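**Q** Have a peek at query_28.pdb (PDB, C-alpha atoms).
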```pdb
ATOM      1  CA  MET A   1      -0.733  26.514   7.922
ATOM      2  CA  MET A   2      -2.675  23.284   8.358
ATOM      3  CA  TYR A   3      -2.877  20.849   5.450
ATOM      4  CA  ALA A   4      -4.799  17.601   5.050
ATOM      5  CA  VAL A   5      -2.946  14.317   5.394
ATOM      6  CA  LYS A   6      -4.001  11.733   2.837
ATOM      7  CA  PRO A   7      -4.408   8.170   4.128
ATOM      8  CA  GLU A   8      -2.776   5.211   2.377
ATOM      9  CA  LYS A   9      -3.980   1.674   1.826
ATOM     10  CA  GLU A  10      -2.845  -0.653   4.573
ATOM     11  CA  GLU A  11      -0.219  -3.045   3.258
ATOM     12  CA  TYR A  12       0.112  -6.517   4.688
ATOM     13  CA  MET A  13       3.707  -7.664   5.002
ATOM     14  CA  MET A  14       3.104 -11.224   6.170
ATOM     15  CA  SER A  15       2.656 -14.080   3.738
ATOM     16  CA  SER A  16       0.615 -16.138   6.212
ATOM     17  CA  PRO A  17      -2.233 -14.498   8.129
ATOM     18  CA  MET A  18      -1.949 -13.967  11.881
ATOM     19  CA  PRO A  19      -4.942 -14.481  14.181
ATOM     20  CA  GLY A  20      -7.160 -11.411  13.922
ATOM     21  CA  SER A  21      -5.595 -10.236  10.656
ATOM     22  CA  PRO A  22      -7.789  -9.452   7.638
ATOM     23  CA  LYS A  23      -8.813 -12.434   5.536
ATOM     24  CA  LYS A  24      -7.726 -12.835   1.922
ATOM     25  CA  GLY A  25      -9.977 -10.990  -0.457
ATOM     26  CA  LYS A  26     -10.882  -8.380   2.165
ATOM     27  CA  GLU A  27     -10.341  -4.805   0.965
ATOM     28  CA  PRO A  28      -7.429  -3.138   2.810
ATOM     29  CA  LYS A  29      -8.497  -0.207   4.969
ATOM     30  CA  MET A  30      -7.173   3.313   4.608
ATOM     31  CA  VAL A  31      -4.751   4.293   7.375
ATOM     32  CA  TYR A  32      -3.359   7.600   8.592
ATOM     33  CA  PRO A  33      -0.006   8.221  10.307
ATOM     34  CA  ARG A  34      -0.359   7.766  14.082
ATOM     35  CA  ILE A  35       1.065   9.286  17.249
ATOM     36  CA  ARG A  36       0.623   8.381  20.916
ATOM     37  CA  LEU A  37       0.294  11.033  23.623
ATOM     38  CA  GLU A  38       1.242   9.685  27.052
ATOM     39  CA  HIS A  39      -1.148  10.702  29.841
ATOM     40  CA  LYS A  40       1.705  11.636  32.190
ATOM     41  CA  PHE A  41       2.704  14.425  29.755
ATOM     42  CA  PHE A  42      -0.768  15.207  28.312
ATOM     43  CA  PRO A  43      -3.314  14.486  31.113
ATOM     44  CA  GLU A  44      -6.121  16.415  29.371
ATOM     45  CA  THR A  45      -6.340  13.658  26.738
ATOM     46  CA  LYS A  46      -7.845  11.303  29.381
ATOM     47  CA  LYS A  47     -11.017  13.418  29.196
ATOM     48  CA  TRP A  48     -11.239  13.304  25.394
ATOM     49  CA  GLU A  49     -13.787  11.133  23.601
ATOM     50  CA  VAL A  50     -12.812   8.374  21.173
ATOM     51  CA  GLY A  51     -14.031   9.222  17.669
ATOM     52  CA  LYS A  52     -14.002  13.015  18.144
ATOM     53  CA  THR A  53     -11.465  15.184  16.316
ATOM     54  CA  TYR A  54      -9.001  17.427  18.150
ATOM     55  CA  LYS A  55      -6.510  20.013  16.944
ATOM     56  CA  VAL A  56      -3.006  19.660  18.391
ATOM     57  CA  GLU A  57      -0.232  22.147  17.718
ATOM     58  CA  LEU A  58       3.236  20.895  18.626
ATOM     59  CA  GLU A  59       6.574  22.590  19.106
ATOM     60  CA  LEU A  60       9.159  19.977  18.099
ATOM     61  CA  LYS A  61      12.927  19.587  18.267
ATOM     62  CA  MET A  62      14.248  17.297  15.544
ATOM     63  CA  THR A  63      16.512  14.623  17.012
ATOM     64  CA  GLY A  64      17.003  12.183  14.144
ATOM     65  CA  LEU A  65      16.607  11.465  10.457
ATOM     66  CA  SER A  66      16.484   8.007   8.851
ATOM     67  CA  ILE A  67      16.461   7.634   5.084
ATOM     68  CA  SER A  68      17.242   4.174   3.767
ATOM     69  CA  ARG A  69      15.743   1.240   1.943
ATOM     70  CA  PHE A  70      13.963   0.151   5.141
ATOM     71  CA  GLU A  71      13.277   3.439   6.950
ATOM     72  CA  ASN A  72      12.014   6.810   5.864
ATOM     73  CA  ASP A  73      11.180   8.940   8.890
ATOM     74  CA  SER A  74      12.203  11.745  11.205
ATOM     75  CA  GLU A  75      12.361  11.688  15.022
ATOM     76  CA  PHE A  76      11.334  14.532  17.314
ATOM     77  CA  GLU A  77      11.100  15.522  20.967
ATOM     78  CA  ILE A  78       7.918  17.406  21.900
ATOM     79  CA  HIS A  79       8.908  20.684  23.607
ATOM     80  CA  GLY A  80       5.538  22.480  23.614
ATOM     81  CA  CYS A  81       1.880  21.787  22.924
ATOM     82  CA  ASP A  82      -1.480  23.521  22.451
ATOM     83  CA  MET A  83      -4.679  21.416  22.227
ATOM     84  CA  GLU A  84      -8.361  22.050  21.543
ATOM     85  CA  GLU A  85     -11.438  20.185  20.344
ATOM     86  CA  LYS A  86     -12.073  20.771  16.637
ATOM     87  CA  LYS A  87     -15.466  22.393  16.097
TER      88      LYS A  87
END
```
Starting from the file, lay out its structure as structure tokens.
**A**
Amino acid sequence: MMYAVKPEKEEYMMSSPMPGSPKKGKEPKMVYPRIRLEHKFFPETKKWEVGKTYKVELELKMTGLSISRFENDSEFEIHGCDMEEKK
């Protein structure tokens, strides 16, 4: 079952702005969780177009869990994959 992921407002952790960072008073953008798919494992993604939406089904093996004051995530190895362009 596929469910929608809700984006969150981008939070800026630095007290002084870095070059290229948003200026004060600028509305933070909404961000989604991100993943990277390396071309050596997923060569078909080289042919995909930036800005288009694709459906990716992953078979994962959980390899770690971090729950603390500073971390709140799970780690996985990708063991299988099915990909298609979303119509």
**Q** Choose the residue, out of A:Lys87, A:His79, A:Lys55, A:His39, that has the smallest atom-to-atom separation from Met2 (chain A); count only C-alpha atoms.
**A** A:Lys55
**Q** For Lys61 (chain A), which of A:Asp73, A:Glu49, A:Ile78, A:Phe42 is the closest residue, counting all atoms listed in the file?
**A** A:Ile78
**Q** Anything within 12 Å of (-10.2, 14.9, 26.2): list those residues as number ranges by chain, counting all atoms listed in the file and sticking to the file's coordinates.
**A** A: 37, 39, 42-56, 83-86
**Q** Once the PyMOL selection byres ((chain A and resi 58) around 7) has been evaluated on this model, what residues remain selected, and can you format them as a PDB file with C-alpha atoms, in the coordinates of the input?
**A**
```
ATOM      1  CA  VAL A  56      -3.006  19.660  18.391  1.00  0.00           C
ATOM      2  CA  GLU A  57      -0.232  22.147  17.718  1.00  0.00           C
ATOM      3  CA  GLU A  59       6.574  22.590  19.106  1.00  0.00           C
ATOM      4  CA  LEU A  60       9.159  19.977  18.099  1.00  0.00           C
ATOM      5  CA  ILE A  78       7.918  17.406  21.900  1.00  0.00           C
ATOM      6  CA  GLY A  80       5.538  22.480  23.614  1.00  0.00           C
ATOM      7  CA  CYS A  81       1.880  21.787  22.924  1.00  0.00           C
ATOM      8  CA  ASP A  82      -1.480  23.521  22.451  1.00  0.00           C
TER       9      ASP A  82
END
```
**Q** How would you write, as a list in words, the residues chosen by the PyMOL selection byres ((chain A and resi 7) around 9) on this structure?
**A**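 Written out, the selection comes to Val5, Lys6, Glu8, Lys9, Glu10, Met30, Val31, Tyr32 and Pro33 of chain A.
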